[in-house]
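Trainee: start.csv (CSV, C-alpha atoms) pasted underneath:
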```csv
chain,number,residue,atom,x,y,z
A,1,MET,CA,50.2,227.2,-15.4
A,2,LYS,CA,47.5,229.8,-16.1
A,3,ARG,CA,45.0,231.1,-13.5
A,4,ILE,CA,42.4,233.8,-13.9
A,5,TYR,CA,41.0,235.9,-11.0
A,6,LYS,CA,38.4,238.6,-10.7
A,7,THR,CA,37.1,240.5,-7.7
A,8,VAL,CA,33.3,239.9,-7.4
A,9,ASP,CA,31.4,241.6,-4.6
A,10,GLY,CA,34.6,242.4,-2.8
A,11,LEU,CA,35.9,238.8,-2.9
A,12,LEU,CA,38.6,237.4,-5.2
A,13,SER,CA,37.2,234.5,-7.3
A,14,GLU,CA,38.8,232.3,-9.8
A,15,VAL,CA,37.1,232.5,-13.2
A,16,SER,CA,37.5,230.8,-16.5
A,17,THR,CA,37.2,233.7,-19.0
A,18,MET,CA,39.7,236.5,-19.7
A,19,GLU,CA,37.3,239.5,-19.5
A,20,LYS,CA,37.6,243.1,-18.5
A,21,GLY,CA,38.9,243.6,-14.9
A,22,THR,CA,40.5,240.2,-14.6
A,23,TRP,CA,43.9,239.3,-13.3
A,24,ILE,CA,45.7,236.6,-15.2
A,25,HIS,CA,48.7,234.9,-13.5
A,26,LEU,CA,51.1,232.8,-15.5
A,27,GLN,CA,53.5,230.6,-13.5
A,28,ASN,CA,56.2,228.9,-15.5
A,29,PRO,CA,53.9,228.9,-18.6
A,30,THR,CA,54.2,226.6,-21.5
A,31,GLN,CA,55.0,227.9,-25.0
A,32,GLU,CA,51.4,227.1,-26.0
A,33,GLU,CA,50.1,229.3,-23.2
A,34,LEU,CA,52.4,232.1,-24.2
A,35,ASP,CA,51.4,232.0,-27.8
A,36,GLY,CA,47.7,232.0,-26.8
A,37,MET,CA,48.2,235.1,-24.6
A,38,ASN,CA,50.1,236.9,-27.3
A,39,ALA,CA,47.4,236.1,-29.9
A,40,ARG,CA,44.5,237.0,-27.6
A,41,PHE,CA,45.9,240.5,-26.6
A,42,ASN,CA,48.2,241.1,-29.5
A,43,LEU,CA,51.1,241.5,-27.1
A,44,ASN,CA,54.6,242.5,-27.8
A,45,PRO,CA,56.2,239.0,-28.0
A,46,THR,CA,59.1,240.0,-25.7
A,47,TYR,CA,56.9,241.2,-22.8
A,48,LEU,CA,55.8,237.8,-21.5
A,49,THR,CA,59.2,236.2,-22.0
A,50,ALA,CA,61.0,239.0,-20.2
A,51,ALA,CA,60.2,237.7,-16.7
A,52,LEU,CA,61.1,234.1,-17.7
A,53,ASP,CA,64.7,235.1,-17.9
A,54,VAL,CA,66.2,234.8,-14.4
A,55,GLU,CA,68.9,237.3,-15.4
A,56,GLU,CA,66.4,239.9,-16.5
A,57,SER,CA,66.9,243.3,-14.8
A,58,ALA,CA,64.1,245.5,-13.4
A,59,ARG,CA,62.7,247.8,-16.0
A,60,ILE,CA,59.6,249.5,-17.3
A,61,GLU,CA,58.4,249.9,-20.9
A,62,GLN,CA,55.4,251.3,-22.8
A,63,ASP,CA,54.5,250.4,-26.4
A,64,ASP,CA,51.2,250.9,-28.3
A,65,GLY,CA,49.0,251.1,-25.2
A,66,GLN,CA,50.7,248.2,-23.5
A,67,THR,CA,52.9,248.6,-20.4
A,68,LEU,CA,55.5,246.1,-19.1
A,69,ILE,CA,56.9,246.3,-15.6
A,70,VAL,CA,59.6,243.9,-14.5
A,71,VAL,CA,60.7,244.0,-10.8
A,72,ASP,CA,62.8,241.6,-8.7
A,73,THR,CA,61.1,239.8,-5.8
A,74,PRO,CA,62.9,237.9,-3.0
A,75,PHE,CA,62.5,234.2,-2.4
A,76,VAL,CA,64.0,231.6,-0.1
A,77,GLU,CA,64.6,227.9,-0.5
A,78,ALA,CA,65.9,225.2,1.8
A,79,ASP,CA,69.5,224.0,1.3
A,80,GLY,CA,70.1,221.2,3.7
A,81,SER,CA,70.0,222.6,7.3
A,82,SER,CA,70.2,226.2,6.1
A,83,TYR,CA,68.4,228.5,3.7
A,84,VAL,CA,69.4,230.3,0.5
A,85,TYR,CA,68.1,233.8,-0.2
A,86,SER,CA,67.9,235.1,-3.8
A,87,THR,CA,65.7,237.1,-6.1
A,88,VAL,CA,63.6,236.2,-9.2
A,89,PRO,CA,62.0,238.6,-11.7
A,90,VAL,CA,58.2,239.2,-11.7
A,91,GLY,CA,56.6,240.6,-14.9
A,92,ILE,CA,53.5,242.7,-14.9
A,93,VAL,CA,51.7,243.6,-18.2
A,94,LEU,CA,48.9,246.1,-18.5
A,95,VAL,CA,46.7,245.7,-21.6
A,96,GLU,CA,43.0,246.1,-22.4
A,97,ASP,CA,41.9,246.7,-18.8
A,98,VAL,CA,43.5,243.4,-17.9
A,99,ILE,CA,46.5,242.7,-15.6
A,100,ILE,CA,48.9,239.9,-16.5
A,101,THR,CA,51.6,238.7,-14.1
A,102,ILE,CA,54.2,236.2,-14.9
A,103,THR,CA,56.8,234.3,-12.9
A,104,THR,CA,59.1,231.3,-13.3
A,105,GLN,CA,58.1,229.9,-9.9
A,106,GLU,CA,55.8,230.4,-7.0
A,107,THR,CA,56.6,233.6,-5.1
A,108,SER,CA,55.4,235.0,-1.8
A,109,VAL,CA,54.3,238.3,-3.3
A,110,ILE,CA,51.9,236.7,-5.7
A,111,THR,CA,50.7,234.1,-3.2
A,112,ALA,CA,49.7,236.9,-0.8
A,113,PHE,CA,47.2,238.2,-3.3
A,114,MET,CA,45.9,234.9,-4.3
A,115,GLU,CA,45.2,234.1,-0.7
A,116,GLU,CA,43.6,237.5,-0.1
A,117,ARG,CA,45.9,238.5,2.7
A,118,LEU,CA,45.8,242.2,1.7
A,119,ARG,CA,42.9,244.5,2.4
A,120,GLY,CA,41.5,246.9,-0.2
A,121,PHE,CA,42.7,244.7,-3.1
A,122,SER,CA,40.6,244.6,-6.2
A,123,THR,CA,41.4,243.4,-9.8
A,124,ASP,CA,39.3,246.3,-11.1
A,125,LYS,CA,41.6,248.9,-9.7
A,126,ARG,CA,44.7,248.2,-11.8
A,127,GLN,CA,46.9,251.0,-10.7
A,128,ARG,CA,46.2,250.4,-7.0
A,129,PHE,CA,46.7,246.6,-7.5
A,130,ILE,CA,50.2,247.2,-9.0
A,131,LEU,CA,51.2,249.6,-6.3
A,132,GLN,CA,49.9,247.3,-3.6
A,133,LEU,CA,51.9,244.5,-5.2
A,134,LEU,CA,55.1,246.7,-5.3
A,135,TYR,CA,54.5,247.7,-1.7
A,136,ARG,CA,54.1,244.1,-0.6
A,137,ASN,CA,57.3,243.3,-2.6
A,138,ALA,CA,59.3,245.9,-0.7
A,139,SER,CA,57.9,244.7,2.6
A,140,LEU,CA,59.0,241.2,1.7
A,141,PHE,CA,62.6,242.4,1.2
A,142,LEU,CA,62.5,244.0,4.7
A,143,SER,CA,61.2,240.7,6.1
A,144,TYR,CA,63.8,238.6,4.4
A,145,LEU,CA,66.6,241.0,5.4
A,146,LYS,CA,65.6,240.5,9.0
A,147,GLN,CA,65.8,236.8,8.5
A,148,VAL,CA,69.2,237.1,7.0
A,149,ASP,CA,70.4,239.2,9.9
A,150,LYS,CA,69.1,236.6,12.4
A,151,ALA,CA,70.7,233.8,10.4
A,152,SER,CA,74.1,235.6,10.4
A,153,GLU,CA,73.8,236.1,14.2
A,154,ARG,CA,73.2,232.3,14.6
A,155,VAL,CA,76.2,231.5,12.4
A,156,GLN,CA,78.3,233.9,14.4
A,157,LYS,CA,77.6,232.1,17.6
A,158,GLN,CA,78.5,228.8,16.0
A,159,LEU,CA,81.7,230.3,14.6
A,160,GLU,CA,82.8,231.5,18.1
A,161,LYS,CA,82.8,227.9,19.2
A,162,SER,CA,84.0,226.0,16.2
A,163,LEU,CA,85.5,228.2,13.4
A,164,ARG,CA,84.8,225.4,10.9
A,165,ASN,CA,84.7,225.8,7.2
A,166,ARG,CA,80.9,225.0,7.2
A,167,GLU,CA,80.0,228.1,9.2
A,168,LEU,CA,82.3,230.3,7.1
A,169,LEU,CA,80.7,229.0,3.9
A,170,GLN,CA,77.2,229.8,5.4
A,171,MET,CA,78.5,233.4,6.1
A,172,MET,CA,79.7,233.7,2.5
A,173,GLN,CA,76.3,232.5,1.3
A,174,LEU,CA,74.5,235.1,3.4
A,175,GLN,CA,76.8,237.8,2.1
A,176,LYS,CA,76.1,236.6,-1.5
A,177,SER,CA,72.3,236.9,-0.7
A,178,LEU,CA,72.7,240.5,0.5
A,179,VAL,CA,74.5,241.3,-2.8
A,180,PHE,CA,71.6,239.9,-4.8
A,181,PHE,CA,69.1,241.9,-2.6
A,182,SER,CA,71.1,245.1,-2.9
A,183,THR,CA,71.3,244.9,-6.7
A,184,SER,CA,67.6,244.0,-7.0
A,185,LEU,CA,66.5,246.8,-4.7
A,186,LYS,CA,68.5,249.4,-6.7
A,187,GLY,CA,66.9,248.2,-9.9
A,188,ASN,CA,63.4,248.3,-8.4
A,189,ASP,CA,64.1,251.9,-7.2
A,190,VAL,CA,64.9,253.0,-10.7
A,191,VAL,CA,61.6,251.5,-11.9
A,192,LEU,CA,59.6,253.3,-9.1
A,193,GLU,CA,61.2,256.6,-10.0
A,194,LYS,CA,60.2,256.2,-13.6
A,195,MET,CA,56.7,255.3,-12.5
A,196,MET,CA,56.5,258.5,-10.6
A,197,ARG,CA,56.7,260.4,-13.9
A,198,MET,CA,54.1,258.3,-15.6
A,199,PRO,CA,50.5,259.7,-15.7
A,200,LEU,CA,49.2,256.1,-16.1
A,201,MET,CA,50.4,255.2,-12.6
A,202,THR,CA,49.6,258.4,-10.8
A,203,SER,CA,46.2,259.3,-12.3
A,204,ALA,CA,44.1,257.2,-9.9
A,205,PRO,CA,43.0,258.7,-6.5
A,206,ASP,CA,45.7,258.4,-3.8
A,207,ALA,CA,48.0,256.7,-6.3
A,208,SER,CA,50.8,259.3,-5.9
A,209,GLU,CA,50.7,258.9,-2.2
A,210,LEU,CA,50.7,255.1,-2.3
A,211,LEU,CA,53.6,255.2,-4.8
A,212,GLU,CA,55.6,257.5,-2.4
A,213,ASP,CA,54.9,254.9,0.3
A,214,VAL,CA,56.3,252.2,-1.9
A,215,MET,CA,59.4,254.2,-2.7
A,216,ILE,CA,60.0,254.9,1.0
A,217,GLU,CA,59.6,251.2,1.9
A,218,ASN,CA,61.9,250.2,-0.9
A,219,ARG,CA,64.6,252.7,0.1
A,220,GLN,CA,64.3,251.6,3.7
A,221,ALA,CA,65.0,248.1,2.5
A,222,MET,CA,68.0,249.4,0.5
A,223,GLU,CA,69.5,251.1,3.6
A,224,MET,CA,69.0,248.0,5.7
A,225,CYS,CA,70.6,245.9,3.1
A,226,THR,CA,73.6,248.2,2.9
A,227,ILE,CA,74.0,248.2,6.7
A,228,TYR,CA,73.7,244.4,7.0
A,229,ARG,CA,76.1,243.9,4.1
A,230,ASP,CA,78.7,246.2,5.7
A,231,ILE,CA,78.4,244.5,9.1
A,232,LEU,CA,78.6,241.1,7.5
A,233,ALA,CA,81.7,242.1,5.5
A,234,GLY,CA,83.3,243.4,8.7
A,235,ILE,CA,82.5,240.2,10.6
A,236,MET,CA,84.0,238.1,7.8
A,237,ASP,CA,87.2,240.1,7.8
A,238,ALA,CA,87.4,239.8,11.6
A,239,TYR,CA,86.9,236.0,11.6
A,240,ALA,CA,89.5,235.7,8.8
A,241,SER,CA,92.0,237.5,11.1
A,242,VAL,CA,91.0,235.3,14.0
A,243,ILE,CA,91.4,232.1,12.0
A,244,SER,CA,94.8,233.3,10.7
A,245,ASN,CA,95.9,234.2,14.3
A,246,ASN,CA,94.8,230.9,15.6
A,247,LEU,CA,96.8,229.1,12.9
A,248,ASN,CA,99.8,231.2,13.8
A,249,ILE,CA,99.4,230.2,17.5
A,250,VAL,CA,99.1,226.5,16.6
A,251,MET,CA,102.2,226.7,14.4
A,252,LYS,CA,104.2,228.4,17.2
A,253,VAL,CA,103.2,225.8,19.7
A,254,LEU,CA,104.1,222.9,17.3
A,255,THR,CA,107.4,224.5,16.5
A,256,SER,CA,108.3,224.9,20.2
A,257,LEU,CA,107.3,221.3,20.9
A,258,THR,CA,109.5,220.2,18.0
A,259,VAL,CA,112.5,222.1,19.4
A,260,VAL,CA,112.0,220.5,22.9
A,261,MET,CA,111.5,217.0,21.5
A,262,SER,CA,114.6,217.3,19.2
A,263,ILE,CA,117.0,217.7,22.2
A,264,PRO,CA,116.7,214.1,23.4
A,265,THR,CA,117.0,213.0,19.7
A,266,ILE,CA,120.3,215.0,19.4
A,267,PHE,CA,121.8,213.3,22.5
A,268,SER,CA,120.6,209.9,21.3
A,269,SER,CA,122.2,210.5,17.9
A,270,LEU,CA,125.5,211.6,19.4
A,271,TRP,CA,125.8,208.8,21.9
A,272,GLY,CA,124.6,206.3,19.3
A,273,MET,CA,127.7,206.6,17.1
A,274,ASN,CA,130.1,203.6,16.7
A,275,VAL,CA,133.0,205.5,18.3
A,276,LYS,CA,134.3,205.9,21.8
A,277,VAL,CA,132.0,208.3,23.7
A,278,PRO,CA,131.9,209.6,27.3
A,279,PHE,CA,130.3,207.2,29.8
A,280,GLY,CA,130.7,204.4,27.2
A,281,ASP,CA,132.2,202.1,29.8
A,282,ASN,CA,130.1,203.3,32.7
A,283,PRO,CA,127.3,200.8,33.6
A,284,TYR,CA,125.1,203.8,34.4
A,285,GLY,CA,126.1,205.7,31.2
A,286,PHE,CA,122.7,205.3,29.5
A,287,TYR,CA,120.8,206.7,32.5
A,288,ILE,CA,123.3,209.6,32.9
A,289,VAL,CA,122.9,210.6,29.2
A,290,LEU,CA,119.1,210.1,29.4
A,291,GLY,CA,118.8,212.2,32.5
A,292,PHE,CA,121.1,215.0,31.1
A,293,SER,CA,119.0,215.1,27.9
A,294,ILE,CA,115.8,215.3,29.8
A,295,LEU,CA,117.2,218.1,32.0
A,296,VAL,CA,118.3,220.1,28.9
A,297,ALA,CA,114.8,219.6,27.4
A,298,ILE,CA,113.2,220.8,30.6
A,299,VAL,CA,115.4,223.9,30.6
A,300,ALA,CA,114.5,224.6,27.0
A,301,PHE,CA,110.8,224.1,27.8
A,302,ILE,CA,111.0,226.6,30.7
A,303,PHE,CA,112.9,229.1,28.5
A,304,LEU,CA,110.3,228.9,25.7
A,305,TRP,CA,107.4,229.0,28.1
A,306,ARG,CA,108.8,232.2,29.6
A,307,LYS,CA,109.0,233.6,26.1
A,308,LYS,CA,105.3,232.7,25.8
A,309,MET,CA,105.9,230.2,23.0
A,310,PHE,CA,103.4,227.8,24.6
```
Please lay out the structure from this file as structure tokens.
Mentor:
Amino acid sequence: MKRIYKTVDGLLSEVSTMEKGTWIHLQNPTQEELDGMNARFNLNPTYLTAALDVEESARIEQDDGQTLIVVDTPFVEADGSSYVYSTVPVGIVLVEDVIITITTQETSVITAFMEERLRGFSTDKRQRFILQLLYRNASLFLSYLKQVDKASERVQKQLEKSLRNRELLQMMQLQKSLVFFSTSLKGNDVVLEKMMRMPLMTSAPDASELLEDVMIENRQAMEMCTIYRDILAGIMDAYASVISNNLNIVMKVLTSLTVVMSIPTIFSSLWGMNVKVPFGDNPYGFYIVLGFSILVAIVAFIFLWRKKMF
């Protein structure tokens, strides 16, 4: 899908022609759309396809007056009763006073610009547009990190009551999400550092200051991600120890019960032999043996209880 936007009289409008000062967004484009863009702007054929690879790492390239910026952006999708957090690459291409963005799916960072939820945004100011997009992207990481933290707290409360595999799997999924976020944030930080040394990105008024704000926001997200990941790893280790300890307690109680229950069985086996046994001729022999076996079992129970085996 291809959509073209341009800022007219301070408002973002969708237009039909790819002219100077426009923003072209490609979302999961067809091969025909890619070929048309490459032919129209004589693009490096690898630029547009870079962001379509979900495994593409964040990077920045310049070639023959064309600039490619690939950064990772967070996204969330429902998975039953929970949510899965991950990242997806976003490609930004600067060519002939036109901005081209490309993604494999709908992302919050692009949607925010389409819906004009950001002030001071204009497709004519390319450097500022890119920096605003990167700042919004870093802010999204912070927002999603807070959601991951709240989700982990909710799962922890459930774990304290149930200790089921379902909650443990949710914790593992959150930990996996934090690993994705951490890797993406580090890659984005490398891109921002390279941009800091590029005259193209710092020549506009206030561009250097805005880029520094983006780097601060991104590094804050990196620190938060590291903290949440360490906390979650510690919690997972603690719950693993709790589960192991609970299993040991259950096994200890079952073993103690088996010992107590085996005592009447032993007496029954001994007095059930086809040989002459004590009390064999006594009309109350059965009750005597039964009472004696129960008494021994009670003594064994008290002994094990005092040893805190129950």
Trainee: As a list of chain:residue names, please: the residues near A:Ile294 (cut-off 9 Å, only C-alpha atoms, same-chain neighbours under 5 positions excluded).
Mentor: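 These residues fall inside the cut-off: A:Ile263, A:Pro264, A:Val289, A:Val299.
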Trainee: Just write the chosen residues, C-alpha atoms, as a compact mmCIF listing (two decimals), in the coordinates of the input.
Mentor:
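Now in selection_4.txt:
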```
# COMPACT_ATOMS: atom_id res chain seq x y z
CA ILE A 263 117.00 217.70 22.20
CA PRO A 264 116.70 214.10 23.40
CA VAL A 289 122.90 210.60 29.20
CA VAL A 299 115.40 223.90 30.60
```
Trainee: Would you mind telling me which residue in A:Thr111, A:Ser208, A:Thr49, A:Ser256 lies nearest to A:Met195 when using all atoms listed in the file?
Mentor: A:Ser208
Trainee: Please list as a PyMOL selection string every residue within 8 Å of A:Glu217, counting only C-alpha atoms and excluding residues in the same chain fewer than 5 positions away.
Mentor: chain A and resi 135+138-139
Trainee: Output C-alpha atoms for every residue in the selection just made, as a PDB file, keeping the file's coordinate frame.
Mentor:
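What ended up in result-v3.pdb:
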```pdb
ATOM      1  CA  TYR A 135      54.500 247.700  -1.700  1.00  0.00           C
ATOM      2  CA  ALA A 138      59.300 245.900  -0.700  1.00  0.00           C
ATOM      3  CA  SER A 139      57.900 244.700   2.600  1.00  0.00           C
TER       4      SER A 139
END
```
Trainee: Quick one: of A:Leu232, A:Val8, A:Val76, A:Ala58, who's nearest to A:Ser108, counting all atoms listed in the file?
Mentor: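 Using all atoms listed in the file, the shortest distance to A:Ser108 belongs to A:Val76.
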Trainee: For a test of reading the model, state the distance in Å between atom CA of A:Leu133 and atom CA of A:Phe113, rounded to one decimal.
Mentor: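 These atoms are spaced 8.1 Å apart.
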Trainee: Neighbours of A:Ala240 within 12 Å (only C-alpha atoms; same-chain residues fewer than 5 positions away dropped), as a ChimeraX atom specification?
Mentor: /A:159,163-165,168,171-172,233-235,245-247
Trainee: Can you measure atom CA of A:Ser184 to atom CA of A:Gln220 for me? One decimal in Å is fine.
Mentor: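 Computing the Euclidean distance for atom CA of A:Ser184 and atom CA of A:Gln220 yields 13.5 Å.
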Trainee: In Å to one decimal, how far is atom CA of A:Val95 from atom CA of A:Gly65?
Mentor: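 Interatomic distance, atom CA of A:Gly65 to atom CA of A:Val95: 6.9 Å.
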Trainee: Just checking: using all atoms listed in the file, which residue out of A:Gln132, A:Ser241, A:Thr87, A:Ser82 ends up closest to A:Arg166?
Mentor: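 Of the candidates, the smallest distance to A:Arg166 is held by A:Ser82.
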Trainee: Pick out the residues sitting within 12 Å of A:Gln147, and hand them over as a list in words; count all atoms listed in the file, and ignore anything fewer than 2 positions along from it in its own chain.
Mentor: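 Residues meeting the cut-off are Pro74, Phe75, Val76, Ser82, Tyr83, Val84, Tyr85, Leu140, Phe141, Leu142, Ser143, Tyr144, Leu145, Asp149, Lys150, Ala151, Ser152, Glu153, Arg154, Leu174, Ser177, Leu178, Met224, Cys225 and Tyr228 of chain A.
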Trainee: Using all atoms listed in the file, can you tell me which of A:Ile102, A:Val70, A:Leu48, A:Ile227 comes closest to A:Arg3?
Mentor: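 Of A:Ile102, A:Val70, A:Leu48, A:Ile227, the one nearest A:Arg3 is A:Ile102, counting all atoms listed in the file.
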Trainee: Taking all atoms listed in the file into account, name the residue in A:Ser122, A:Asn274, A:Ser86, A:Thr103 that is nearest to A:Lys176.
Mentor: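 Answer, going by the shortest atom-to-atom distance: A:Ser86.
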Trainee: May I have the residues within 10 Å of A:Gln62 as a count of residues only, using all atoms listed in the file and disregarding those fewer than 6 positions away in the same chain?
Mentor: 4
Trainee: So which residues fall inside 6 Å of (38.4, 242.8, -9.2) if we count all atoms listed in the file? Mind giving them as a list in words?
Mentor: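 Taken together, the residues in range are Lys6, Thr7, Gly21, Ser122, Thr123 and Asp124 of chain A.
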Trainee: Let me make sure I understand: among A:Asn188, A:Asn44, A:Thr22, A:Gln158, which one has the smallest atom-to-atom distance to A:Phe129 if we use all atoms listed in the file?
Mentor: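 Looking only at the distances to A:Phe129, the closest residue turns out to be A:Thr22.
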